[in-house]
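K.L.:
Sharing my_file09.txt below, compact mmCIF, C-alpha atoms and all ligand atoms:
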# COMPACT_ATOMS: atom_id res chain seq x y z
CA MET A 13 157.54 67.84 110.51
CA ARG A 14 158.92 64.29 110.56
CA LYS A 15 157.42 62.16 113.31
CA ARG A 16 159.85 60.84 115.89
CA ALA A 17 159.73 57.36 117.40
CA LEU A 18 161.74 55.73 120.15
CA ILE A 19 162.03 51.94 120.21
CA THR A 20 163.34 49.95 123.15
CA GLY A 21 164.51 46.48 122.18
CA LEU A 22 165.64 47.85 118.83
CA THR A 23 168.18 45.07 118.33
CA GLY A 24 165.58 42.32 118.72
CA GLN A 25 163.40 40.75 116.07
CA ASP A 26 160.41 43.05 116.49
CA GLY A 27 162.49 46.17 117.06
CA SER A 28 164.32 45.72 113.78
CA TYR A 29 161.12 45.14 111.75
CA LEU A 30 159.40 48.06 113.44
CA ALA A 31 162.37 50.34 112.74
CA GLU A 32 162.11 49.43 109.05
CA LEU A 33 158.38 50.08 108.98
CA LEU A 34 158.71 53.45 110.73
CA PHE A 35 161.59 54.51 108.54
CA ASP A 36 159.52 53.66 105.44
CA GLN A 37 156.72 55.83 106.87
CA GLY A 38 159.14 58.76 107.10
CA TYR A 39 159.80 58.69 110.85
CA GLN A 40 162.98 59.71 112.52
CA VAL A 41 163.80 56.59 114.51
CA PHE A 42 165.68 56.39 117.81
CA GLY A 43 166.65 53.18 119.51
CA LEU A 44 167.36 52.62 123.17
CA VAL A 45 170.22 50.17 123.32
CA ARG A 46 171.98 48.74 126.35
CA ARG A 47 175.67 49.41 126.27
CA SER A 48 176.42 45.73 126.85
CA SER A 49 174.33 44.73 123.84
CA SER A 50 175.91 47.23 121.46
CA SER A 51 177.88 44.46 119.78
CA ASN A 52 174.58 42.77 118.91
CA LEU A 53 173.53 45.12 116.11
CA GLU A 54 173.36 42.68 113.19
CA ARG A 55 169.56 42.81 112.88
CA ILE A 56 169.70 46.59 112.35
CA SER A 57 173.06 47.04 110.61
CA HIS A 58 171.29 47.44 107.22
CA LEU A 59 169.45 50.50 108.57
CA GLY A 60 172.76 52.32 109.06
CA SER A 61 172.45 55.96 110.02
CA ASN A 62 168.67 55.88 109.53
CA VAL A 63 168.37 54.91 113.18
CA GLU A 64 169.94 56.92 115.96
CA ILE A 65 171.19 54.74 118.79
CA LEU A 66 170.82 56.13 122.31
CA SER A 67 172.42 54.42 125.23
CA GLY A 68 170.18 53.55 128.18
CA ASP A 69 168.94 50.72 130.31
CA LEU A 70 165.52 49.73 131.65
CA LEU A 71 167.21 49.15 135.00
CA ASP A 72 168.24 52.80 135.21
CA GLN A 73 165.50 55.41 135.49
CA SER A 74 167.74 58.44 134.90
CA SER A 75 169.07 56.98 131.64
CA LEU A 76 165.49 56.55 130.41
CA MET A 77 164.63 60.14 131.30
CA ASP A 78 167.73 61.37 129.48
CA VAL A 79 166.93 59.35 126.36
CA ILE A 80 163.32 60.53 126.22
CA THR A 81 164.36 64.14 126.74
CA GLN A 82 166.93 63.83 123.97
CA ALA A 83 164.74 61.97 121.45
CA GLN A 84 161.52 63.96 122.10
CA PRO A 85 159.53 61.07 120.63
CA ASP A 86 155.94 61.31 119.42
CA GLU A 87 155.67 57.55 119.82
CA ILE A 88 157.46 55.12 122.14
CA TYR A 89 157.42 51.36 121.56
CA ASN A 90 158.58 49.29 124.52
CA LEU A 91 159.70 46.03 122.98
CA ALA A 92 162.60 45.37 125.33
CA SER A 93 162.43 42.56 127.85
CA GLN A 94 164.01 39.36 129.02
CA SER A 95 161.75 37.35 126.75
CA TYR A 96 162.94 33.77 126.87
CA VAL A 97 160.58 31.75 129.09
CA PRO A 98 163.03 29.02 130.25
CA LEU A 99 165.55 31.71 131.30
CA SER A 100 162.81 33.37 133.35
CA TRP A 101 162.87 30.28 135.62
CA THR A 102 166.62 30.43 136.15
CA GLN A 103 166.74 34.24 136.45
CA PRO A 104 163.30 35.19 137.82
CA ALA A 105 164.41 38.34 139.63
CA LEU A 106 166.31 39.73 136.65
CA THR A 107 163.31 38.94 134.43
CA ALA A 108 161.12 40.96 136.81
CA GLU A 109 163.62 43.85 136.83
CA TYR A 110 163.57 44.19 133.04
CA THR A 111 160.14 42.93 132.06
CA ALA A 112 158.07 44.29 134.98
CA LEU A 113 159.86 47.09 136.84
CA GLY A 114 161.54 48.30 133.65
CA VAL A 115 158.08 49.25 132.40
CA SER A 116 157.34 51.20 135.60
CA ARG A 117 160.55 53.13 135.12
CA LEU A 118 159.73 53.80 131.50
CA LEU A 119 156.12 54.89 132.13
CA GLU A 120 157.27 57.16 134.91
CA SER A 121 159.90 58.66 132.61
CA VAL A 122 157.26 59.25 129.91
CA ARG A 123 154.95 60.90 132.43
CA ARG A 124 157.70 63.22 133.65
CA CYS A 125 159.52 64.01 130.41
CA LYS A 126 157.10 63.57 127.46
CA PRO A 127 153.53 62.98 128.69
CA ASP A 128 152.02 63.61 125.25
CA ALA A 129 154.02 60.76 123.66
CA LYS A 130 151.99 57.75 122.58
CA PHE A 131 153.19 54.59 124.29
CA TYR A 132 153.03 50.97 123.13
CA GLN A 133 153.66 48.19 125.64
CA ALA A 134 154.52 44.74 124.32
CA SER A 135 152.23 42.53 126.38
CA SER A 136 152.29 38.80 125.77
CA SER A 137 149.89 35.88 125.51
CA GLU A 138 152.02 34.34 128.29
CA VAL A 139 149.92 36.40 130.74
CA PHE A 140 147.06 33.98 130.06
CA GLY A 141 149.17 30.97 131.11
CA GLN A 142 146.62 28.22 131.61
CA PRO A 143 143.55 30.11 130.38
CA ASP A 144 140.05 29.03 131.24
CA GLU A 145 138.69 29.93 127.81
CA SER A 146 139.84 29.47 124.27
CA PRO A 147 140.30 31.52 122.16
CA GLN A 148 141.41 34.22 124.57
CA ASN A 149 140.18 37.79 124.16
CA GLU A 150 141.03 41.13 125.76
CA HIS A 151 138.88 40.24 128.81
CA THR A 152 140.21 36.75 129.48
CA ALA A 153 141.57 36.38 133.04
CA PHE A 154 145.33 36.40 133.46
CA ARG A 155 146.71 33.19 134.99
CA PRO A 156 150.43 33.38 134.16
CA ARG A 157 152.37 30.17 134.70
CA ASN A 158 155.97 31.30 134.54
CA PRO A 159 158.01 34.26 135.86
CA TYR A 160 158.03 35.89 132.42
CA GLY A 161 154.23 35.79 132.21
CA VAL A 162 153.94 37.18 135.76
CA ALA A 163 156.27 40.06 134.89
CA LYS A 164 154.33 40.81 131.69
CA ALA A 165 151.05 40.82 133.63
CA TYR A 166 152.43 43.46 135.98
CA ALA A 167 153.65 45.57 133.05
CA HIS A 168 150.28 45.27 131.33
CA TRP A 169 148.36 46.55 134.32
CA MET A 170 150.86 49.33 135.03
CA THR A 171 150.41 50.57 131.47
CA ILE A 172 146.62 50.58 131.86
CA ASN A 173 146.96 52.32 135.24
CA TYR A 174 149.10 55.08 133.76
CA ARG A 175 146.50 55.52 131.03
CA GLN A 176 143.70 55.82 133.57
CA GLN A 177 145.54 57.80 136.23
CA TYR A 178 147.63 60.18 134.12
CA LYS A 179 145.70 60.09 130.82
CA LEU A 180 148.75 58.85 128.90
CA PHE A 181 148.01 57.55 125.42
CA ALA A 182 149.24 54.11 126.46
CA CYS A 183 148.27 50.84 124.76
CA CYS A 184 149.05 47.16 125.31
CA GLY A 185 149.35 44.73 122.42
CA LEU A 186 148.93 41.14 123.58
CA THR A 187 151.04 39.36 121.03
CA TYR A 188 151.08 35.64 120.56
CA THR A 189 154.19 33.89 119.27
CA HIS A 190 155.50 35.66 116.19
CA GLU A 191 158.34 34.47 114.06
CA SER A 192 160.68 35.48 111.27
CA PRO A 193 164.12 34.70 109.87
CA ARG A 194 165.43 37.08 112.55
CA ARG A 195 164.12 34.90 115.37
CA GLY A 196 166.71 33.35 117.69
CA MET A 197 167.47 29.62 117.28
CA GLU A 198 166.29 28.90 120.83
CA PHE A 199 162.68 29.32 119.70
CA VAL A 200 161.12 26.22 118.20
CA PHE A 201 159.92 27.66 114.88
CA ARG A 202 163.34 28.92 113.82
CA LYS A 203 165.03 25.88 115.32
CA ILE A 204 162.89 23.70 113.06
CA THR A 205 163.27 25.68 109.82
CA HIS A 206 167.00 26.12 110.37
CA THR A 207 167.61 22.45 111.22
CA VAL A 208 165.43 21.21 108.35
CA ALA A 209 167.43 23.45 105.99
CA ALA A 210 170.67 22.03 107.44
CA ILE A 211 169.39 18.46 106.98
CA LYS A 212 168.36 19.23 103.39
CA LEU A 213 171.87 20.54 102.68
CA GLY A 214 173.50 17.47 104.30
CA LEU A 215 174.88 19.52 107.22
CA SER A 216 172.87 17.70 109.89
CA ASN A 217 171.03 14.42 110.22
CA GLU A 218 168.68 14.86 113.17
CA LEU A 219 166.24 17.27 114.77
CA LYS A 220 165.83 16.92 118.56
CA LEU A 221 162.59 18.34 119.90
CA GLY A 222 160.49 18.35 123.05
CA ASN A 223 156.71 18.22 123.16
CA LEU A 224 155.41 17.69 119.62
CA ASP A 225 151.81 18.16 120.77
CA ALA A 226 152.40 21.70 122.07
CA ARG A 227 150.23 24.08 120.08
CA ARG A 228 150.90 27.71 119.34
CA ASP A 229 149.21 30.59 117.56
CA TRP A 230 152.04 31.67 115.26
CA CYS A 231 152.14 34.74 113.05
CA TYR A 232 154.77 36.64 111.09
CA ALA A 233 156.69 39.32 113.03
CA LYS A 234 156.23 41.80 110.16
CA ASP A 235 152.47 41.44 110.47
CA ALA A 236 152.71 41.89 114.25
CA VAL A 237 154.73 45.13 114.13
CA HIS A 238 152.28 46.56 111.61
CA ALA A 239 149.52 46.02 114.19
CA MET A 240 151.63 47.77 116.86
CA TRP A 241 152.06 50.82 114.67
CA LEU A 242 148.36 50.91 113.73
CA MET A 243 147.40 50.85 117.42
CA LEU A 244 149.23 54.13 118.00
CA GLN A 245 147.57 55.76 114.96
CA GLN A 246 144.06 55.45 116.46
CA GLU A 247 142.15 58.28 118.09
CA GLN A 248 141.78 56.43 121.39
CA PRO A 249 144.33 54.30 123.25
CA ASP A 250 143.18 50.72 123.77
CA ASP A 251 144.48 47.18 124.28
CA TYR A 252 144.38 44.55 121.58
CA ILE A 253 145.22 40.94 120.97
CA ILE A 254 147.65 40.53 118.07
CA ALA A 255 147.55 36.94 116.81
CA SER A 256 146.75 34.75 113.84
CA GLY A 257 143.61 33.34 115.46
CA GLN A 258 144.66 29.76 114.57
CA THR A 259 146.83 27.14 116.24
CA TYR A 260 149.19 24.55 114.84
CA SER A 261 151.12 21.90 116.76
CA VAL A 262 154.90 21.56 116.77
CA GLN A 263 154.35 18.31 114.87
CA GLU A 264 152.30 20.07 112.17
CA LEU A 265 155.10 22.60 111.84
CA VAL A 266 157.65 19.80 111.50
CA GLU A 267 155.51 18.01 108.90
CA CYS A 268 155.04 21.20 106.89
CA ALA A 269 158.76 22.08 106.91
CA PHE A 270 159.98 18.59 105.92
CA LYS A 271 157.31 18.34 103.22
CA LEU A 272 158.48 21.62 101.68
CA VAL A 273 162.00 20.19 101.23
CA GLY A 274 160.72 16.78 100.09
CA LEU A 275 161.83 14.74 103.14
CA ASN A 276 160.03 12.43 105.57
CA TRP A 277 160.05 13.97 109.08
CA GLN A 278 159.95 10.61 110.88
CA ASP A 279 163.42 9.80 109.52
CA TYR A 280 164.99 12.76 111.35
CA VAL A 281 162.97 13.86 114.39
CA ILE A 282 164.03 12.60 117.83
CA VAL A 283 161.91 13.42 120.86
CA ASP A 284 164.20 14.46 123.72
CA SER A 285 162.82 15.08 127.23
CA ALA A 286 165.47 17.78 127.75
CA PHE A 287 163.30 20.09 125.62
CA TYR A 288 160.08 19.48 127.55
CA ARG A 289 158.75 22.35 129.66
CA PRO A 290 157.15 22.42 133.08
CA ASN A 291 153.72 24.11 133.17
CA GLU A 292 153.15 24.12 129.45
CA PRO A 293 150.28 26.36 128.30
CA MET A 294 148.44 24.12 125.84
CA GLN A 295 145.59 26.15 124.45
CA LEU A 296 146.92 29.58 123.64
CA VAL A 297 145.04 31.04 120.72
CA GLY A 298 143.96 34.63 120.34
CA SER A 299 140.68 36.06 119.15
CA ILE A 300 141.42 38.84 116.68
CA GLU A 301 137.84 40.03 116.43
CA LYS A 302 138.45 43.32 118.26
CA ILE A 303 141.52 44.40 116.33
CA ARG A 304 139.93 43.38 113.04
CA LYS A 305 136.76 45.33 113.82
CA ASN A 306 138.27 48.49 115.38
CA ILE A 307 141.49 48.83 113.42
CA GLY A 308 141.00 46.67 110.35
CA TRP A 309 144.14 44.58 111.00
CA CYS A 310 144.56 40.90 110.22
CA PRO A 311 147.67 38.89 109.30
CA GLN A 312 148.75 39.00 105.67
CA TYR A 313 150.83 35.81 105.78
CA SER A 314 149.46 32.30 106.39
CA PHE A 315 151.20 29.63 108.51
CA GLU A 316 152.40 27.77 105.39
CA GLN A 317 153.73 30.98 103.82
CA LEU A 318 155.62 31.74 107.01
CA VAL A 319 157.20 28.27 107.16
CA GLU A 320 158.18 28.60 103.52
CA LEU A 321 159.70 32.06 103.73
CA MET A 322 161.75 31.05 106.77
CA LEU A 323 162.95 27.84 105.13
CA VAL A 324 163.93 29.69 101.96
CA HIS A 325 165.88 32.17 104.08
CA ASP A 326 167.63 29.46 106.13
CA LEU A 327 168.52 27.41 103.03
CA LYS A 328 170.04 30.49 101.44
CA GLU A 329 171.91 31.51 104.58
CA LEU A 330 173.35 28.04 105.20
CA SER A 331 174.27 27.56 101.53
CA SER A 332 176.21 30.83 101.48
CA LYS A 333 178.12 29.78 104.61
CA THR A 334 179.15 26.45 103.13
CA ILE A 335 180.48 27.85 99.84
P1 LIG B 401 157.25 30.37 123.27
O1 LIG B 401 157.16 29.36 124.34
O2 LIG B 401 155.94 30.66 122.67
O3 LIG B 401 157.99 31.59 123.70
O4 LIG B 401 158.08 29.77 122.03
P2 LIG B 401 159.04 28.53 121.82
O5 LIG B 401 159.35 28.55 120.39
O6 LIG B 401 160.21 28.55 122.74
O7 LIG B 401 158.18 27.23 122.18
C1 LIG B 401 157.01 26.87 121.50
C2 LIG B 401 156.52 25.51 121.96
O8 LIG B 401 157.30 24.50 121.35
C3 LIG B 401 156.61 25.24 123.46
O9 LIG B 401 155.35 24.76 123.86
C4 LIG B 401 157.65 24.14 123.62
O10 LIG B 401 157.34 23.21 124.66
C5 LIG B 401 157.55 23.45 122.29
N1 LIG B 401 158.78 22.79 121.91
C6 LIG B 401 158.91 21.49 121.52
N2 LIG B 401 160.17 21.22 121.25
C7 LIG B 401 160.90 22.35 121.46
C8 LIG B 401 162.28 22.68 121.35
O11 LIG B 401 163.11 21.86 120.97
N3 LIG B 401 162.64 23.95 121.63
C9 LIG B 401 161.72 24.90 122.03
N4 LIG B 401 162.13 26.15 122.28
N5 LIG B 401 160.41 24.60 122.16
C10 LIG B 401 160.00 23.34 121.89
Please render this file's structure as structure tokens.
P.N.:
Amino acid sequence: MRKRALITGLTGQDGSYLAELLFDQGYQVFGLVRRSSSSNLERISHLGSNVEILSGDLLDQSSLMDVITQAQPDEIYNLASQSYVPLSWTQPALTAEYTALGVSRLLESVRRCKPDAKFYQASSSEVFGQPDESPQNEHTAFRPRNPYGVAKAYAHWMTINYRQQYKLFACCGLTYTHESPRRGMEFVFRKITHTVAAIKLGLSNELKLGNLDARRDWCYAKDAVHAMWLMLQQEQPDDYIIASGQTYSVQELVECAFKLVGLNWQDYVIVDSAFYRPNEPMQLVGSIEKIRKNIGWCPQYSFEQLVELMLVHDLKELSSKTI
């Protein structure tokens, strides 16, 4: 019997990579898609009829129950959320509706309609906010510093509570920033590789950035979704940090990208206070000891390889548009 998986957030970066991985493993894949976002299917258009789209919304409990009843999934991956931190300050209540309460509605739907389904919750390093230890591990205290992190902290603990109270096979993966050519331009990694590619091709002549000293633990989204899948293949549900275990600064990223195209970054980068953030978490880096030891996962791609593969993609994409 083919395994069945339901992905929320199918049209996002992680959802599309996970759908590919599951399809390659022989799964029948279902995606929960909001009706309003149905025009946003470009990340999954190559999967064609290999993914069955079901219409539902994390704001609407009955739609979630209908989708779960219809899909009868063995595994559910909740990757949907309002995930852009700056937007969580301008729309804090909507962020909580999707990113926090949406998870309550989903867990409750799983409990009522398919309690034997394995459940993955996309937790985030943003729950650590301004952590009091570095690197963070699965026991580090949560001190979220923005509405998105607060909402993710709620969702994390609800998932653990449903595991303890109702014995659901429910797991949280605490992912750090993960990137790919499918990442939106509003995130700094893609913004940098895309703009550097544009500069290299003579389509732009500057790169405006905020805090160059901000450090992040970046890994490749394909590596991250592999960890998510592995977590649901274990005998026992548990929570894991999914990270690279190393940090690089925005400036190091800039230097690496310009170097790869043979240009001097100082000639193009302009620091613009408009891109600075309030309450910046400075020392977010994950310890991957537990996931390495229990599951045998570690990232396959290095930071430099990730910068290079994204640059190559963006150069190709921009060149094809200008022909
Ligand atoms: P996230 O904060 O981990 O979700 O990812 P981002 O890619 O949005 O931001 C990563 C870091 O880059 C943050 O600490 C930002 O302050 C910093 N940063 C510096 N310049 C920029 C910029 O121009 N855009 C964005 N998005 N982030 C920037």
K.L.:
Neighbouring residues of ligand LIG 401 (chain B) are defined here as those with any atom at most 10 Å from a ligand atom, counting all atoms listed in the file; list them as a PDB file with C-alpha atoms, in the coordinates of the input.
P.N.:
ATOM      1  CA  SER A  95     161.750  37.350 126.750  1.00  0.00           C
ATOM      2  CA  TYR A  96     162.940  33.770 126.870  1.00  0.00           C
ATOM      3  CA  VAL A  97     160.580  31.750 129.090  1.00  0.00           C
ATOM      4  CA  PRO A  98     163.030  29.020 130.250  1.00  0.00           C
ATOM      5  CA  SER A 136     152.290  38.800 125.770  1.00  0.00           C
ATOM      6  CA  SER A 137     149.890  35.880 125.510  1.00  0.00           C
ATOM      7  CA  GLU A 138     152.020  34.340 128.290  1.00  0.00           C
ATOM      8  CA  TYR A 160     158.030  35.890 132.420  1.00  0.00           C
ATOM      9  CA  TYR A 188     151.080  35.640 120.560  1.00  0.00           C
ATOM     10  CA  THR A 189     154.190  33.890 119.270  1.00  0.00           C
ATOM     11  CA  HIS A 190     155.500  35.660 116.190  1.00  0.00           C
ATOM     12  CA  GLU A 191     158.340  34.470 114.060  1.00  0.00           C
ATOM     13  CA  ARG A 195     164.120  34.900 115.370  1.00  0.00           C
ATOM     14  CA  GLY A 196     166.710  33.350 117.690  1.00  0.00           C
ATOM     15  CA  MET A 197     167.470  29.620 117.280  1.00  0.00           C
ATOM     16  CA  GLU A 198     166.290  28.900 120.830  1.00  0.00           C
ATOM     17  CA  PHE A 199     162.680  29.320 119.700  1.00  0.00           C
ATOM     18  CA  VAL A 200     161.120  26.220 118.200  1.00  0.00           C
ATOM     19  CA  PHE A 201     159.920  27.660 114.880  1.00  0.00           C
ATOM     20  CA  ARG A 202     163.340  28.920 113.820  1.00  0.00           C
ATOM     21  CA  LYS A 203     165.030  25.880 115.320  1.00  0.00           C
ATOM     22  CA  ILE A 204     162.890  23.700 113.060  1.00  0.00           C
ATOM     23  CA  LEU A 219     166.240  17.270 114.770  1.00  0.00           C
ATOM     24  CA  LYS A 220     165.830  16.920 118.560  1.00  0.00           C
ATOM     25  CA  LEU A 221     162.590  18.340 119.900  1.00  0.00           C
ATOM     26  CA  GLY A 222     160.490  18.350 123.050  1.00  0.00           C
ATOM     27  CA  ASN A 223     156.710  18.220 123.160  1.00  0.00           C
ATOM     28  CA  LEU A 224     155.410  17.690 119.620  1.00  0.00           C
ATOM     29  CA  ASP A 225     151.810  18.160 120.770  1.00  0.00           C
ATOM     30  CA  ALA A 226     152.400  21.700 122.070  1.00  0.00           C
ATOM     31  CA  ARG A 227     150.230  24.080 120.080  1.00  0.00           C
ATOM     32  CA  ARG A 228     150.900  27.710 119.340  1.00  0.00           C
ATOM     33  CA  ASP A 229     149.210  30.590 117.560  1.00  0.00           C
ATOM     34  CA  TRP A 230     152.040  31.670 115.260  1.00  0.00           C
ATOM     35  CA  SER A 261     151.120  21.900 116.760  1.00  0.00           C
ATOM     36  CA  VAL A 262     154.900  21.560 116.770  1.00  0.00           C
ATOM     37  CA  GLN A 263     154.350  18.310 114.870  1.00  0.00           C
ATOM     38  CA  LEU A 265     155.100  22.600 111.840  1.00  0.00           C
ATOM     39  CA  ILE A 282     164.030  12.600 117.830  1.00  0.00           C
ATOM     40  CA  VAL A 283     161.910  13.420 120.860  1.00  0.00           C
ATOM     41  CA  ASP A 284     164.200  14.460 123.720  1.00  0.00           C
ATOM     42  CA  SER A 285     162.820  15.080 127.230  1.00  0.00           C
ATOM     43  CA  ALA A 286     165.470  17.780 127.750  1.00  0.00           C
ATOM     44  CA  PHE A 287     163.300  20.090 125.620  1.00  0.00           C
ATOM     45  CA  TYR A 288     160.080  19.480 127.550  1.00  0.00           C
ATOM     46  CA  ARG A 289     158.750  22.350 129.660  1.00  0.00           C
ATOM     47  CA  PRO A 290     157.150  22.420 133.080  1.00  0.00           C
ATOM     48  CA  ASN A 291     153.720  24.110 133.170  1.00  0.00           C
ATOM     49  CA  GLU A 292     153.150  24.120 129.450  1.00  0.00           C
ATOM     50  CA  PRO A 293     150.280  26.360 128.300  1.00  0.00           C
ATOM     51  CA  MET A 294     148.440  24.120 125.840  1.00  0.00           C
ATOM     52  CA  GLN A 295     145.590  26.150 124.450  1.00  0.00           C
ATOM     53  CA  LEU A 296     146.920  29.580 123.640  1.00  0.00           C
TER      54      LEU A 296
END
K.L.:
Please determine the residues with any atom at most 10 Å from (170.5, 26.9, 102.3) (coordinates as given in the file, with all atoms listed in the file counting) and report them as a JSON list (two decimals) with C-alpha atoms, keeping the file's coordinate frame.
P.N.:
[["chain", "number", "residue", "atom", "x", "y", "z"],
["A", 206, "HIS", "CA", 167.00, 26.12, 110.37],
["A", 208, "VAL", "CA", 165.43, 21.21, 108.35],
["A", 209, "ALA", "CA", 167.43, 23.45, 105.99],
["A", 210, "ALA", "CA", 170.67, 22.03, 107.44],
["A", 211, "ILE", "CA", 169.39, 18.46, 106.98],
["A", 212, "LYS", "CA", 168.36, 19.23, 103.39],
["A", 213, "LEU", "CA", 171.87, 20.54, 102.68],
["A", 215, "LEU", "CA", 174.88, 19.52, 107.22],
["A", 323, "LEU", "CA", 162.95, 27.84, 105.13],
["A", 324, "VAL", "CA", 163.93, 29.69, 101.96],
["A", 325, "HIS", "CA", 165.88, 32.17, 104.08],
["A", 326, "ASP", "CA", 167.63, 29.46, 106.13],
["A", 327, "LEU", "CA", 168.52, 27.41, 103.03],
["A", 328, "LYS", "CA", 170.04, 30.49, 101.44],
["A", 329, "GLU", "CA", 171.91, 31.51, 104.58],
["A", 330, "LEU", "CA", 173.35, 28.04, 105.20],
["A", 331, "SER", "CA", 174.27, 27.56, 101.53],
["A", 332, "SER", "CA", 176.21, 30.83, 101.48],
["A", 333, "LYS", "CA", 178.12, 29.78, 104.61],
["A", 334, "THR", "CA", 179.15, 26.45, 103.13]]
K.L.:
Near A:Ala17, counting all atoms listed in the file, which residues have an atom at most 8 Å away, once you skip same-chain residues fewer than 6 positions from it, shown as number ranges by chain?
P.N.:
A: 34, 39-42, 83, 85-89
K.L.:
Using only C-alpha atoms, can you tell me which of A:Gln312, A:Gln94, A:Thr187, A:Thr20 comes closest to A:Leu76?
P.N.:
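Result for the nearest residue to A:Leu76: A:Thr20.
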K.L.:
Can you tell me how far atom CA of A:Val319 sits from atom CA of A:Val266, in Å to one decimal?
P.N.:
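Calculated distance between atom CA of A:Val319 and atom CA of A:Val266 is 9.5 Å.
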K.L.:
Determine, counting all atoms listed in the file, which protein, DNA and RNA residues have an atom within 9 Å of an atom of A:Glu316; residues of the same chain fewer than 3 positions away are not included. Present the result as a list in words.
P.N.:
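After dropping sequence-adjacent residues, the list is Leu265, Cys268, Ala269, Tyr313, Val319, Glu320 and Leu321 of chain A.
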K.L.:
Restricting it to C-alpha atoms, dump the selection as a CSV table (one decimal), keeping the file's coordinate frame.
P.N.:
chain,number,residue,atom,x,y,z
A,265,LEU,CA,155.1,22.6,111.8
A,268,CYS,CA,155.0,21.2,106.9
A,269,ALA,CA,158.8,22.1,106.9
A,313,TYR,CA,150.8,35.8,105.8
A,319,VAL,CA,157.2,28.3,107.2
A,320,GLU,CA,158.2,28.6,103.5
A,321,LEU,CA,159.7,32.1,103.7
K.L.:
So what do you get for atom CA of A:Ala255 versus atom CA of A:Gly308, distance-wise?
P.N.:
13.4 Å
K.L.:
Work out how far atom CA of A:Tyr166 is from atom CA of A:Thr23, in Å to one decimal.
P.N.:
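According to the coordinates, atom CA of A:Thr23 and atom CA of A:Tyr166 are separated by 23.7 Å.
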K.L.:
Got a sec to check which residues sit within 10 Å of (147.6, 41.4, 127.6), counting all atoms listed in the file, and write them as an MDAnalysis selection string?
P.N.:
chainID A and resid 133:140 148:154 161 164:169 183:188 251:254
K.L.:
Saving stretch 268-278 of chain A with N, CA, C and O atoms, as a short mmCIF file (atom, residue, chain, number, x, y, z; two decimals), in the first residue's frame, what would that file be?
P.N.:
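Saved result, result_2.cif, follows:
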data_model
loop_
_atom_site.label_atom_id
_atom_site.label_comp_id
_atom_site.auth_asym_id
_atom_site.auth_seq_id
_atom_site.Cartn_x
_atom_site.Cartn_y
_atom_site.Cartn_z
N CYS A 268 31.15 36.23 0.22
CA CYS A 268 31.19 34.95 -0.49
C CYS A 268 30.52 35.06 -1.86
O CYS A 268 31.07 34.62 -2.87
N ALA A 269 29.34 35.70 -1.90
CA ALA A 269 28.60 35.78 -3.17
C ALA A 269 29.34 36.65 -4.19
O ALA A 269 29.48 36.26 -5.35
N PHE A 270 29.84 37.82 -3.76
CA PHE A 270 30.56 38.68 -4.71
C PHE A 270 31.85 38.00 -5.19
O PHE A 270 32.22 38.12 -6.36
N LYS A 271 32.52 37.31 -4.27
CA LYS A 271 33.77 36.63 -4.65
C LYS A 271 33.50 35.59 -5.75
O LYS A 271 34.25 35.46 -6.71
N LEU A 272 32.39 34.87 -5.59
CA LEU A 272 32.07 33.81 -6.58
C LEU A 272 31.85 34.38 -7.99
O LEU A 272 32.06 33.67 -8.97
N VAL A 273 31.40 35.65 -8.08
CA VAL A 273 31.22 36.22 -9.42
C VAL A 273 32.37 37.17 -9.79
O VAL A 273 32.30 37.89 -10.79
N GLY A 274 33.42 37.19 -8.94
CA GLY A 274 34.62 37.95 -9.28
C GLY A 274 34.46 39.46 -9.14
O GLY A 274 35.10 40.22 -9.86
N LEU A 275 33.62 39.91 -8.17
CA LEU A 275 33.44 41.35 -7.96
C LEU A 275 33.78 41.71 -6.51
O LEU A 275 33.76 40.85 -5.62
N ASN A 276 34.06 43.01 -6.29
CA ASN A 276 34.40 43.51 -4.97
C ASN A 276 33.12 44.03 -4.29
O ASN A 276 32.52 45.00 -4.76
N TRP A 277 32.72 43.42 -3.17
CA TRP A 277 31.43 43.76 -2.55
C TRP A 277 31.33 45.23 -2.13
O TRP A 277 30.26 45.85 -2.20
N GLN A 278 32.48 45.81 -1.71
CA GLN A 278 32.43 47.20 -1.22
C GLN A 278 32.01 48.20 -2.30
O GLN A 278 31.54 49.28 -2.00
#
